[in-house]
Amino acid sequence: MNILVIEDNPDLVANLYDFLEPRGYVMDAAYNARSGLSFARDNDYDAIILDLMLSDMDGLEVCSRLRDGGRDTPVLMLTARDTLDDKLEGFASGADDYLVKPFAMQELDVRLKALVRRVRGEQSRELLRVADMVFDPATLHVERGGKAISLPPIPLKILALLIRQSPRVVPRQEIERRIWGNLRPDSDALRTHISVLRAAMDRPFDKHLLRTVHGIGYQLAAPDEIQD
């Protein structure tokens with residue numbers, strides 16, 4: 001099982017490695033939120049162990065950014081907070097399970113395995129749709145009108161974000177932050193990737209789903225959901 005650990009306590013990370021690696025886990029570790037987001041966006045993991053209280057960003061925000069960016073990797077959130085409201089907030093951000101510190105390593109192991117089994121089954125059935133477009137988050141397969149659409153990585157990430165937010169208009173700054181974090185590209189980069197996305201998913205079809213809202217951002221929606 002391939003695991004990403006986002007945790008700023010090096011002693012806990014070392015303990016996780018000592019316990020999980022001999023049990024067959026392959027692990028990467030990020031000691032702050034921004035590194036963790038980079039790892040999660042650039043690699044495929046079976047699950048993410050995410051600390052709630054990170055030094056540079058709240059774990060809730062990390063989880064929300066992953067979900068908004070189209071990452072459906074199961075997240076097991078670690079926290080010292082144990083109230084019901086805290087747990088509900090964690091689940092609302094997109095976490096799949098919640099483990100309160102201190103915890104037994106054996107319980108972490110069992111929860112990870114159960115989480116991956118459960119979420120794999122859910123992902124295999126989850127399809128996101130806008131009009132005649134279908135996006136499978138588990139395989140990243142895109143179809144429109146029954147025709148497969150091939151996209152480069154960045155336009156695919158933008159599509160995943162927009163289809164999850166549909167029919168909401170997503171501000172340009174939010175898309176840039178979700179895709180590139182603090183390493184913002186030059187001013188024309190997003191427009192270029194949107195053009196690639198539009199050429200693949202809209203131009204060959206009679207009805208267009210991707211709309212530019214000038215001065216604000218972009219909207220992916222069925223024609224009858226677009227309000228001028």
# chains A, B, ... in the order shown; residues from 1 in each chain; ligands from 1
$ select_by_dssp --residues "region 47-153 of chain A" --states "helix (DSSP H, G or I)" --output "ChimeraX atom specification"
/A:59-68,84-92,105-123,153
$ residues_around --residues "Leu159 (chain A)" --least-positions-apart "3" --cutoff "9 Å" --atoms "only C-alpha atoms" --output "list in words"
Gly70, Phe135, Ile154, Pro155, Leu156, Leu162, Ile163, Arg164, Ile194, Leu197 and Leu220 of chain A
$ write_last_selection --atoms "N, CA and C atoms" --output "PDB file, in the first residue's frame"
ATOM      1  N   GLY A  70      -9.607  17.863  -7.355  1.00  0.00           N
ATOM      2  CA  GLY A  70      -9.944  16.621  -8.031  1.00  0.00           C
ATOM      3  C   GLY A  70      -9.295  15.382  -7.471  1.00  0.00           C
ATOM      4  N   PHE A 135     -17.096  12.266 -16.160  1.00  0.00           N
ATOM      5  CA  PHE A 135     -15.728  12.226 -15.633  1.00  0.00           C
ATOM      6  C   PHE A 135     -15.670  11.186 -14.528  1.00  0.00           C
ATOM      7  N   ILE A 154      -2.511  19.313 -16.761  1.00  0.00           N
ATOM      8  CA  ILE A 154      -3.045  20.541 -16.164  1.00  0.00           C
ATOM      9  C   ILE A 154      -4.486  20.795 -16.607  1.00  0.00           C
ATOM     10  N   PRO A 155      -4.813  20.727 -17.901  1.00  0.00           N
ATOM     11  CA  PRO A 155      -6.228  20.867 -18.269  1.00  0.00           C
ATOM     12  C   PRO A 155      -7.117  19.820 -17.615  1.00  0.00           C
ATOM     13  N   LEU A 156      -6.593  18.614 -17.404  1.00  0.00           N
ATOM     14  CA  LEU A 156      -7.380  17.578 -16.729  1.00  0.00           C
ATOM     15  C   LEU A 156      -7.659  17.978 -15.282  1.00  0.00           C
ATOM     16  N   LEU A 162     -13.442  22.128 -12.020  1.00  0.00           N
ATOM     17  CA  LEU A 162     -14.651  22.783 -12.498  1.00  0.00           C
ATOM     18  C   LEU A 162     -15.864  21.860 -12.441  1.00  0.00           C
ATOM     19  N   ILE A 163     -15.676  20.591 -12.757  1.00  0.00           N
ATOM     20  CA  ILE A 163     -16.831  19.692 -12.776  1.00  0.00           C
ATOM     21  C   ILE A 163     -17.321  19.413 -11.361  1.00  0.00           C
ATOM     22  N   ARG A 164     -16.400  19.436 -10.393  1.00  0.00           N
ATOM     23  CA  ARG A 164     -16.823  19.257  -8.997  1.00  0.00           C
ATOM     24  C   ARG A 164     -17.563  20.491  -8.478  1.00  0.00           C
ATOM     25  N   ILE A 194      -6.883  26.630 -20.384  1.00  0.00           N
ATOM     26  CA  ILE A 194      -8.330  26.664 -20.637  1.00  0.00           C
ATOM     27  C   ILE A 194      -8.606  26.490 -22.128  1.00  0.00           C
ATOM     28  N   LEU A 197      -8.302  22.888 -22.945  1.00  0.00           N
ATOM     29  CA  LEU A 197      -9.469  22.184 -22.429  1.00  0.00           C
ATOM     30  C   LEU A 197     -10.694  22.425 -23.310  1.00  0.00           C
ATOM     31  N   LEU A 220     -18.302  25.622 -15.615  1.00  0.00           N
ATOM     32  CA  LEU A 220     -18.631  24.436 -16.384  1.00  0.00           C
ATOM     33  C   LEU A 220     -20.060  24.053 -16.031  1.00  0.00           C
TER      34      LEU A 220
END
$ closest_residue --among "A:Met133, A:Ala160, A:Leu151, A:Ala29" --to "Lys207 (chain A)" --atoms "only C-alpha atoms"
A:Met133
$ closest_residue --among "A:Asp224, A:Asp206, A:Glu176, A:Glu7" --to "Met53 (chain A)" --atoms "only C-alpha atoms"
A:Glu7
$ atom_distance --atom1 "CA of His141 (chain A)" --atom2 "CA of Leu76 (chain A)"
25.6 Å
$ select_by_dssp --residues "region 42-83 of chain A" --states "strand (DSSP E)" --output "list in words"
Ala47, Ile48, Ile49, Leu50, Asp51, Val75, Leu76, Met77, Leu78 and Thr79 of chain A
$ write_last_selection --atoms "N, CA, C and O atoms" --output "PDB file, in the first residue's frame"
ATOM      1  N   ALA A  47      -3.654   6.067   0.155  1.00  0.00           N
ATOM      2  CA  ALA A  47      -4.254   6.824   1.260  1.00  0.00           C
ATOM      3  C   ALA A  47      -3.288   7.897   1.728  1.00  0.00           C
ATOM      4  O   ALA A  47      -2.072   7.817   1.480  1.00  0.00           O
ATOM      5  N   ILE A  48      -3.837   8.895   2.397  1.00  0.00           N
ATOM      6  CA  ILE A  48      -3.038   9.979   2.980  1.00  0.00           C
ATOM      7  C   ILE A  48      -3.338  10.045   4.475  1.00  0.00           C
ATOM      8  O   ILE A  48      -4.505  10.075   4.872  1.00  0.00           O
ATOM      9  N   ILE A  49      -2.287  10.056   5.277  1.00  0.00           N
ATOM     10  CA  ILE A  49      -2.411  10.311   6.710  1.00  0.00           C
ATOM     11  C   ILE A  49      -2.115  11.793   6.903  1.00  0.00           C
ATOM     12  O   ILE A  49      -1.009  12.260   6.609  1.00  0.00           O
ATOM     13  N   LEU A  50      -3.085  12.548   7.382  1.00  0.00           N
ATOM     14  CA  LEU A  50      -2.987  14.016   7.425  1.00  0.00           C
ATOM     15  C   LEU A  50      -3.195  14.534   8.842  1.00  0.00           C
ATOM     16  O   LEU A  50      -4.245  14.302   9.437  1.00  0.00           O
ATOM     17  N   ASP A  51      -2.203  15.258   9.346  1.00  0.00           N
ATOM     18  CA  ASP A  51      -2.337  15.882  10.661  1.00  0.00           C
ATOM     19  C   ASP A  51      -3.202  17.137  10.551  1.00  0.00           C
ATOM     20  O   ASP A  51      -3.090  17.900   9.582  1.00  0.00           O
ATOM     21  N   VAL A  75      -8.403  10.038   2.867  1.00  0.00           N
ATOM     22  CA  VAL A  75      -7.659  10.807   3.875  1.00  0.00           C
ATOM     23  C   VAL A  75      -8.058  10.348   5.269  1.00  0.00           C
ATOM     24  O   VAL A  75      -9.242  10.384   5.627  1.00  0.00           O
ATOM     25  N   LEU A  76      -7.053   9.915   6.028  1.00  0.00           N
ATOM     26  CA  LEU A  76      -7.228   9.609   7.448  1.00  0.00           C
ATOM     27  C   LEU A  76      -6.638  10.770   8.224  1.00  0.00           C
ATOM     28  O   LEU A  76      -5.433  11.011   8.179  1.00  0.00           O
ATOM     29  N   MET A  77      -7.488  11.526   8.913  1.00  0.00           N
ATOM     30  CA  MET A  77      -7.041  12.729   9.606  1.00  0.00           C
ATOM     31  C   MET A  77      -6.658  12.410  11.046  1.00  0.00           C
ATOM     32  O   MET A  77      -7.390  11.719  11.757  1.00  0.00           O
ATOM     33  N   LEU A  78      -5.491  12.917  11.466  1.00  0.00           N
ATOM     34  CA  LEU A  78      -5.018  12.748  12.834  1.00  0.00           C
ATOM     35  C   LEU A  78      -5.157  14.056  13.591  1.00  0.00           C
ATOM     36  O   LEU A  78      -4.821  15.119  13.065  1.00  0.00           O
ATOM     37  N   THR A  79      -5.660  13.996  14.812  1.00  0.00           N
ATOM     38  CA  THR A  79      -5.846  15.222  15.578  1.00  0.00           C
ATOM     39  C   THR A  79      -5.928  14.934  17.065  1.00  0.00           C
ATOM     40  O   THR A  79      -6.264  13.820  17.478  1.00  0.00           O
TER      41      THR A  79
END
